[in-house]
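Engineer: There's a structure below that I have some questions on.
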Amino acid sequence: MNIGIIGAGGWGTALSILMARKGFRVDLWSRDPEVVAEILEERTNQAFLPGVAIPRGVHPTLEMQEVIRNNSLLLLPVPSQHLREVARAARPYITPRHVIVHCSKGIETETLLRMSQVLEEELPSCQGGRILVLSGPSHAEEVARGIPTAIVVAGRDKALCEAVQDMLMAPEFRVYISPDVIGVELGGALKNIIALAAGISDGLGFGDNTKAALMTRGIAEIARLGTKMGADPLTFSGLAGIGDLIVTCTSVHSRNRRAGIEIGRGKPISEVMASTKMVIEGIPTTLAGKRLADKYGVEMPITQKLYSVLFGGLNPKDAVTELMARGKKEEIPFPPGW
């Protein structure tokens, strides 16, 4: 399999650098002529991955058709709310020989579908387990610089997962495989909600105790919803669960955490979203997460309060007060008779 990457944002560019360093020819599609021209002429992508040189093995193009026809393995690092649009544009060129690995961490807000479900709807010729997901704690800025990273590929076909694992593995990039597509997708998406909350906590001036509480209770509510939706609970203690949650809630690279900090300091959400070309996935995912919690009857108090902050005008400090004042709970239920 050759490698094509559909999407030249930070993560797509980082993956192209990783694969080119392994010796692959990588076709990288962007819809932005300026990004393509900059990579061709300067070997950089300053808007999305500043300060990193892009190897000659990366071949940027505006022609999606060319990338798809030349490569049987396609990586799709596309923002979640745009994945359907991109998949629809790709559909005329996708054949049963293609293996699709999406790298999107979100839930479609209108349909509440996971990203693999969106792709299954839009790419009918690519079925039978040939749609996989790549997720885990993996900031593009660090992957592009060769900083050791571990990640997970999930899919229904073990042989295809192993083939993708072999292609992506590198000395600085360790890849695990998993059969739990549902859990890996939900872990990667829902942790952005908790990262926004953790950033708001930082913006309000709270400390490590508060963030630790948000992260641990956050993964608990993610696991509750994920299990109700059919995921393996063990996934949420792995790379796509607690691993991705840790890095997104604590890192200086985390867009969701940075956005939360600004919200906690009082900046209007519209200004926060307009301040960056990057997509802040946690904002639409909070909307989708709240709707999923309602649909499945799952208690997700952090998600509910963040939804009220983002879409209902609740003051962030009041949201914290209301969370802390909730009724008494057991962290782990006592067995009957105790």
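Ligands are numbered from 1 in the order shown, residues from 1 within each chain, and chains are lettered A, B, ... in the order they appear in the structure tokens.
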Show me, as a list of chain:residue names, the residues that have an atom within 9 Å of A:Val36 when counting only C-alpha atoms, minus same-chain residues fewer than 4 positions from it.
Structural biologist: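 Final neighbour list, sorted by chain and number: A:Ala8, A:Leu28, A:Trp29, A:Ser30, A:Arg31, A:Asp32, A:Leu40, A:Glu41, A:Asn45, A:His59, A:Pro60, A:Thr61, A:Leu62.
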Engineer: Which polymer residues have any atom within 9 Å of an atom of A:Gln46, counting only C-alpha atoms, with same-chain residues fewer than 6 positions away left out, as a compact mmCIF listing (two decimals) with all heavy atoms, in the first residue's frame?
Structural biologist:
# COMPACT_ATOMS: atom_id res chain seq x y z
N VAL A 35 -1.48 26.77 1.10
CA VAL A 35 -0.79 25.71 1.84
C VAL A 35 0.03 24.85 0.89
O VAL A 35 1.20 24.53 1.15
CB VAL A 35 -1.80 24.86 2.64
CG1 VAL A 35 -1.12 23.59 3.19
CG2 VAL A 35 -2.40 25.68 3.77
N GLU A 38 3.09 26.79 -0.32
CA GLU A 38 4.11 26.95 0.73
C GLU A 38 4.89 25.65 0.94
O GLU A 38 6.12 25.68 1.09
CB GLU A 38 3.46 27.38 2.04
CG GLU A 38 4.47 27.59 3.16
CD GLU A 38 3.84 27.85 4.51
OE1 GLU A 38 2.63 28.15 4.57
OE2 GLU A 38 4.57 27.75 5.52
N VAL A 52 8.44 23.55 11.57
CA VAL A 52 8.82 22.16 11.28
C VAL A 52 9.08 22.03 9.78
O VAL A 52 8.25 22.44 8.95
CB VAL A 52 7.71 21.17 11.70
CG1 VAL A 52 8.11 19.74 11.36
CG2 VAL A 52 7.43 21.31 13.19
Engineer: Please produce, as CSV, a per-residue contact table for stretch 275-322 of chain A versus stretch 74-78 of chain A (criterion: any atom at most 12 Å away, only C-alpha atoms considered), showing the nearest atom pair and its distance in Å to one decimal, sorted by chain then residue number.
Structural biologist:
residue,atom,partner,partner_atom,distance
A:Met278,CA,A:Val78,CA,11.2
A:Val279,CA,A:Val78,CA,9.9
A:Glu281,CA,A:Val78,CA,11.0
Engineer: List the neighbours of A:Leu310 out to 8 Å using only C-alpha atoms; skip same-chain residues closer than 3 positions along the sequence, and give me the result as a ChimeraX atom specification.
Structural biologist: /A:269,283,306-307,313-314
Engineer: Could you check how far atom CA of A:Glu172 sits from atom CA of A:Gly136, in Å to one decimal?
Structural biologist: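 Atom-to-atom, atom CA of A:Glu172 and atom CA of A:Gly136 are spaced 14.6 Å apart.
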Engineer: A:Gly238: which residues within 12 Å, counting only C-alpha atoms, same-chain residues fewer than 5 positions away excluded, as a ChimeraX atom specification?
Structural biologist: /A:135-137,150-152,176-178,180,183-184,187-188,219,223,232-233,243-246
Engineer: Save the residues we just selected, N, CA and C atoms, as a PDB file, in the first residue's frame?
Structural biologist:
ATOM      1  N   SER A 135      -6.314   6.917  16.898  1.00  0.00           N
ATOM      2  CA  SER A 135      -6.558   7.857  17.985  1.00  0.00           C
ATOM      3  C   SER A 135      -5.558   7.616  19.102  1.00  0.00           C
ATOM      4  N   GLY A 136      -5.573   8.516  20.081  1.00  0.00           N
ATOM      5  CA  GLY A 136      -4.661   8.398  21.215  1.00  0.00           C
ATOM      6  C   GLY A 136      -3.967   9.714  21.513  1.00  0.00           C
ATOM      7  N   PRO A 137      -3.097   9.733  22.517  1.00  0.00           N
ATOM      8  CA  PRO A 137      -2.421  10.974  22.938  1.00  0.00           C
ATOM      9  C   PRO A 137      -1.305  11.353  21.971  1.00  0.00           C
ATOM     10  N   ALA A 150       2.780   7.047  21.576  1.00  0.00           N
ATOM     11  CA  ALA A 150       2.074   5.768  21.432  1.00  0.00           C
ATOM     12  C   ALA A 150       0.619   6.054  21.109  1.00  0.00           C
ATOM     13  N   ILE A 151       0.067   5.251  20.224  1.00  0.00           N
ATOM     14  CA  ILE A 151      -1.265   5.523  19.674  1.00  0.00           C
ATOM     15  C   ILE A 151      -1.945   4.195  19.391  1.00  0.00           C
ATOM     16  N   VAL A 152      -3.227   4.224  19.024  1.00  0.00           N
ATOM     17  CA  VAL A 152      -3.959   2.979  18.792  1.00  0.00           C
ATOM     18  C   VAL A 152      -4.739   3.067  17.482  1.00  0.00           C
ATOM     19  N   TYR A 176      -0.484   0.522  18.718  1.00  0.00           N
ATOM     20  CA  TYR A 176      -1.205  -0.646  19.222  1.00  0.00           C
ATOM     21  C   TYR A 176      -2.456  -0.835  18.373  1.00  0.00           C
ATOM     22  N   ILE A 177      -3.063  -2.028  18.433  1.00  0.00           N
ATOM     23  CA  ILE A 177      -4.310  -2.254  17.705  1.00  0.00           C
ATOM     24  C   ILE A 177      -5.401  -2.682  18.675  1.00  0.00           C
ATOM     25  N   SER A 178      -6.649  -2.462  18.263  1.00  0.00           N
ATOM     26  CA  SER A 178      -7.802  -2.740  19.110  1.00  0.00           C
ATOM     27  C   SER A 178      -9.001  -3.091  18.231  1.00  0.00           C
ATOM     28  N   ASP A 180     -12.039  -2.410  19.321  1.00  0.00           N
ATOM     29  CA  ASP A 180     -13.119  -1.606  19.892  1.00  0.00           C
ATOM     30  C   ASP A 180     -13.212  -0.253  19.193  1.00  0.00           C
ATOM     31  N   GLY A 183     -15.359   2.355  21.309  1.00  0.00           N
ATOM     32  CA  GLY A 183     -14.672   2.930  22.453  1.00  0.00           C
ATOM     33  C   GLY A 183     -13.561   3.884  22.059  1.00  0.00           C
ATOM     34  N   VAL A 184     -12.781   3.509  21.049  1.00  0.00           N
ATOM     35  CA  VAL A 184     -11.667   4.363  20.618  1.00  0.00           C
ATOM     36  C   VAL A 184     -12.197   5.674  20.046  1.00  0.00           C
ATOM     37  N   GLY A 187     -13.749   7.712  23.085  1.00  0.00           N
ATOM     38  CA  GLY A 187     -12.698   8.234  23.958  1.00  0.00           C
ATOM     39  C   GLY A 187     -12.006   9.430  23.344  1.00  0.00           C
ATOM     40  N   GLY A 188     -11.664   9.340  22.057  1.00  0.00           N
ATOM     41  CA  GLY A 188     -10.986  10.436  21.381  1.00  0.00           C
ATOM     42  C   GLY A 188     -11.840  11.677  21.253  1.00  0.00           C
ATOM     43  N   ILE A 219     -13.401  10.993  33.053  1.00  0.00           N
ATOM     44  CA  ILE A 219     -13.255   9.688  32.403  1.00  0.00           C
ATOM     45  C   ILE A 219     -14.343   8.738  32.881  1.00  0.00           C
ATOM     46  N   ALA A 223     -16.778   6.862  30.269  1.00  0.00           N
ATOM     47  CA  ALA A 223     -16.907   5.400  30.277  1.00  0.00           C
ATOM     48  C   ALA A 223     -18.357   4.968  30.454  1.00  0.00           C
ATOM     49  N   ASP A 232     -16.091  -1.343  24.945  1.00  0.00           N
ATOM     50  CA  ASP A 232     -15.434  -2.139  25.979  1.00  0.00           C
ATOM     51  C   ASP A 232     -14.939  -1.177  27.063  1.00  0.00           C
ATOM     52  N   PRO A 233     -15.352  -1.346  28.320  1.00  0.00           N
ATOM     53  CA  PRO A 233     -14.922  -0.416  29.378  1.00  0.00           C
ATOM     54  C   PRO A 233     -13.407  -0.303  29.504  1.00  0.00           C
ATOM     55  N   GLY A 243      -5.311   8.010  28.402  1.00  0.00           N
ATOM     56  CA  GLY A 243      -4.089   8.548  27.794  1.00  0.00           C
ATOM     57  C   GLY A 243      -4.337   9.849  27.067  1.00  0.00           C
ATOM     58  N   ASP A 244      -5.342   9.851  26.197  1.00  0.00           N
ATOM     59  CA  ASP A 244      -5.655  11.062  25.441  1.00  0.00           C
ATOM     60  C   ASP A 244      -6.215  12.144  26.355  1.00  0.00           C
ATOM     61  N   LEU A 245      -6.968  11.736  27.379  1.00  0.00           N
ATOM     62  CA  LEU A 245      -7.507  12.706  28.332  1.00  0.00           C
ATOM     63  C   LEU A 245      -6.387  13.447  29.057  1.00  0.00           C
ATOM     64  N   ILE A 246      -5.381  12.716  29.510  1.00  0.00           N
ATOM     65  CA  ILE A 246      -4.270  13.342  30.246  1.00  0.00           C
ATOM     66  C   ILE A 246      -3.580  14.397  29.378  1.00  0.00           C
TER      67      ILE A 246
END
Engineer: Using only C-alpha atoms, determine which residues lie at most 8 Å from A:Pro55, disregarding the query and same-chain residues fewer than 5 positions distant; provide the list as a PyMOL selection string.
Structural biologist: chain A and resi 17+20-21+43
Engineer: Pick out the residues sitting within 9 Å of A:Val272, and hand them over as a list in words; count only C-alpha atoms, and ignore anything fewer than 6 positions along from it in its own chain.
Structural biologist: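 Everything that qualifies: Ala259, Gly260, Glu262 and Ile263 of chain A.
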Engineer: Write to file, as an mmCIF file, in the first residue's frame, the residues of the selection just made, with C-alpha atoms.
Structural biologist:
data_model
loop_
_atom_site.group_PDB
_atom_site.id
_atom_site.type_symbol
_atom_site.label_atom_id
_atom_site.label_comp_id
_atom_site.auth_asym_id
_atom_site.auth_seq_id
_atom_site.Cartn_x
_atom_site.Cartn_y
_atom_site.Cartn_z
ATOM 1 C CA ALA A 259 -9.804 27.698 24.539
ATOM 2 C CA GLY A 260 -11.128 26.749 27.973
ATOM 3 C CA GLU A 262 -9.806 31.984 27.642
ATOM 4 C CA ILE A 263 -13.444 31.160 28.416
#
Engineer: In Å, how far is it from atom CA of A:Met215 to atom CA of A:Ala240?
Structural biologist: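 That distance, rounded to one decimal, is 14.1 Å.
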Engineer: A:Leu83: which residues within 8 Å, counting only C-alpha atoms, same-chain residues fewer than 4 positions away excluded, as a list of chain:residue names?
Structural biologist: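 In the requested format, the answer is A:Val78, A:Pro79, A:Ala87, A:Ser104, A:Met115, A:Val118, A:Leu119.
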Engineer: Keeping only N, CA, C and O atoms, write the selected residues as an mmCIF file, in the first residue's frame.
Structural biologist:
data_model
loop_
_atom_site.group_PDB
_atom_site.id
_atom_site.type_symbol
_atom_site.label_atom_id
_atom_site.label_comp_id
_atom_site.auth_asym_id
_atom_site.auth_seq_id
_atom_site.Cartn_x
_atom_site.Cartn_y
_atom_site.Cartn_z
ATOM 1 N N VAL A 78 -9.323 14.881 9.259
ATOM 2 C CA VAL A 78 -10.247 15.951 8.886
ATOM 3 C C VAL A 78 -11.064 16.342 10.116
ATOM 4 O O VAL A 78 -11.505 15.467 10.864
ATOM 5 N N PRO A 79 -11.301 17.637 10.372
ATOM 6 C CA PRO A 79 -12.180 18.018 11.483
ATOM 7 C C PRO A 79 -13.518 17.304 11.396
ATOM 8 O O PRO A 79 -14.085 17.143 10.305
ATOM 9 N N ALA A 87 -15.720 13.260 2.673
ATOM 10 C CA ALA A 87 -15.986 11.892 2.217
ATOM 11 C C ALA A 87 -16.889 11.899 0.982
ATOM 12 O O ALA A 87 -16.694 11.099 0.048
ATOM 13 N N SER A 104 -10.177 11.587 12.954
ATOM 14 C CA SER A 104 -11.034 12.665 13.440
ATOM 15 C C SER A 104 -11.533 12.345 14.839
ATOM 16 O O SER A 104 -11.961 11.219 15.092
ATOM 17 N N MET A 115 -17.570 8.911 13.682
ATOM 18 C CA MET A 115 -16.975 9.209 12.398
ATOM 19 C C MET A 115 -16.943 7.998 11.457
ATOM 20 O O MET A 115 -17.133 8.135 10.246
ATOM 21 N N VAL A 118 -20.276 7.786 9.830
ATOM 22 C CA VAL A 118 -20.408 8.779 8.764
ATOM 23 C C VAL A 118 -19.752 8.256 7.490
ATOM 24 O O VAL A 118 -20.327 8.330 6.391
ATOM 25 N N LEU A 119 -18.549 7.710 7.628
ATOM 26 C CA LEU A 119 -17.835 7.200 6.457
ATOM 27 C C LEU A 119 -18.549 6.007 5.840
ATOM 28 O O LEU A 119 -18.585 5.861 4.612
#
Engineer: Looking at only C-alpha atoms, which of A:Lys317, A:Ile147, A:Lys228, A:His102 is the one that sits closest to A:Phe206?
Structural biologist: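 Selected residue with least distance to A:Phe206: A:Lys317.
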Engineer: Please measure the separation of atom CA of A:Phe311 and atom CA of A:Ala293, giving the value in Å to one decimal.
Structural biologist: 15.9 Å
Engineer: With only C-alpha atoms as the atoms that count, which of A:Ile100, A:Leu204, A:Ile68, A:Leu186 lies nearest to A:Ala231?
Structural biologist: A:Leu186
Engineer: Just checking: using only C-alpha atoms, which residue out of A:Ile5, A:Val153, A:Leu239, A:Ala89 ends up closest to A:Glu122?
Structural biologist: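 Selected residue with least distance to A:Glu122: A:Ala89.
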Engineer: Report the residues of stretch 22-61 of chain A whose backbone DSSP state falls under strand (DSSP E or B), written as number ranges by chain.
Structural biologist: A: 26-29, 45, 49, 58-61
Engineer: Suppose we keep N, CA and C atoms; can you now write the selection as an mmCIF file, in the first residue's frame?
Structural biologist:
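Wrote part-v2.cif, looks like this:
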data_model
loop_
_atom_site.group_PDB
_atom_site.id
_atom_site.type_symbol
_atom_site.label_atom_id
_atom_site.label_comp_id
_atom_site.auth_asym_id
_atom_site.auth_seq_id
_atom_site.Cartn_x
_atom_site.Cartn_y
_atom_site.Cartn_z
ATOM 1 N N VAL A 26 4.476 10.205 0.053
ATOM 2 C CA VAL A 26 3.196 10.584 0.649
ATOM 3 C C VAL A 26 2.555 11.668 -0.203
ATOM 4 N N ASP A 27 1.361 11.392 -0.704
ATOM 5 C CA ASP A 27 0.571 12.413 -1.384
ATOM 6 C C ASP A 27 -0.328 13.087 -0.348
ATOM 7 N N LEU A 28 -0.226 14.400 -0.239
ATOM 8 C CA LEU A 28 -0.935 15.162 0.792
ATOM 9 C C LEU A 28 -1.880 16.151 0.126
ATOM 10 N N TRP A 29 -3.191 15.935 0.336
ATOM 11 C CA TRP A 29 -4.181 16.827 -0.286
ATOM 12 C C TRP A 29 -4.558 17.961 0.654
ATOM 13 N N ASN A 45 4.615 24.442 6.695
ATOM 14 C CA ASN A 45 3.176 24.718 6.772
ATOM 15 C C ASN A 45 2.971 25.554 8.037
ATOM 16 N N LEU A 49 1.454 24.050 11.346
ATOM 17 C CA LEU A 49 2.524 23.337 12.044
ATOM 18 C C LEU A 49 3.808 24.158 11.943
ATOM 19 N N VAL A 58 7.125 14.297 0.848
ATOM 20 C CA VAL A 58 5.735 14.743 0.955
ATOM 21 C C VAL A 58 5.398 15.557 -0.290
ATOM 22 N N HIS A 59 4.362 15.129 -1.004
ATOM 23 C CA HIS A 59 3.981 15.761 -2.265
ATOM 24 C C HIS A 59 2.585 16.374 -2.120
ATOM 25 N N PRO A 60 2.514 17.685 -1.883
ATOM 26 C CA PRO A 60 1.204 18.324 -1.705
ATOM 27 C C PRO A 60 0.495 18.511 -3.036
ATOM 28 N N THR A 61 -0.821 18.487 -2.995
ATOM 29 C CA THR A 61 -1.595 18.653 -4.215
ATOM 30 C C THR A 61 -2.984 19.177 -3.879
#
Engineer: Would you please give, as a PyMOL selection string, all residues of stretch 124-307 of chain A that DSSP assigns to alpha helix (DSSP H) based on the backbone?
Structural biologist: chain A and resi 140-144+158-168+181-203+208-228+244-250+255-264+269-274+282-296+301-307
Engineer: Which residue, A:Pro284, A:Asn315, A:Ala140, A:Thr44, has the smallest gap to A:Val247 when you use only C-alpha atoms?
Structural biologist: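 Of A:Pro284, A:Asn315, A:Ala140, A:Thr44, the one nearest A:Val247 is A:Ala140, counting only C-alpha atoms.
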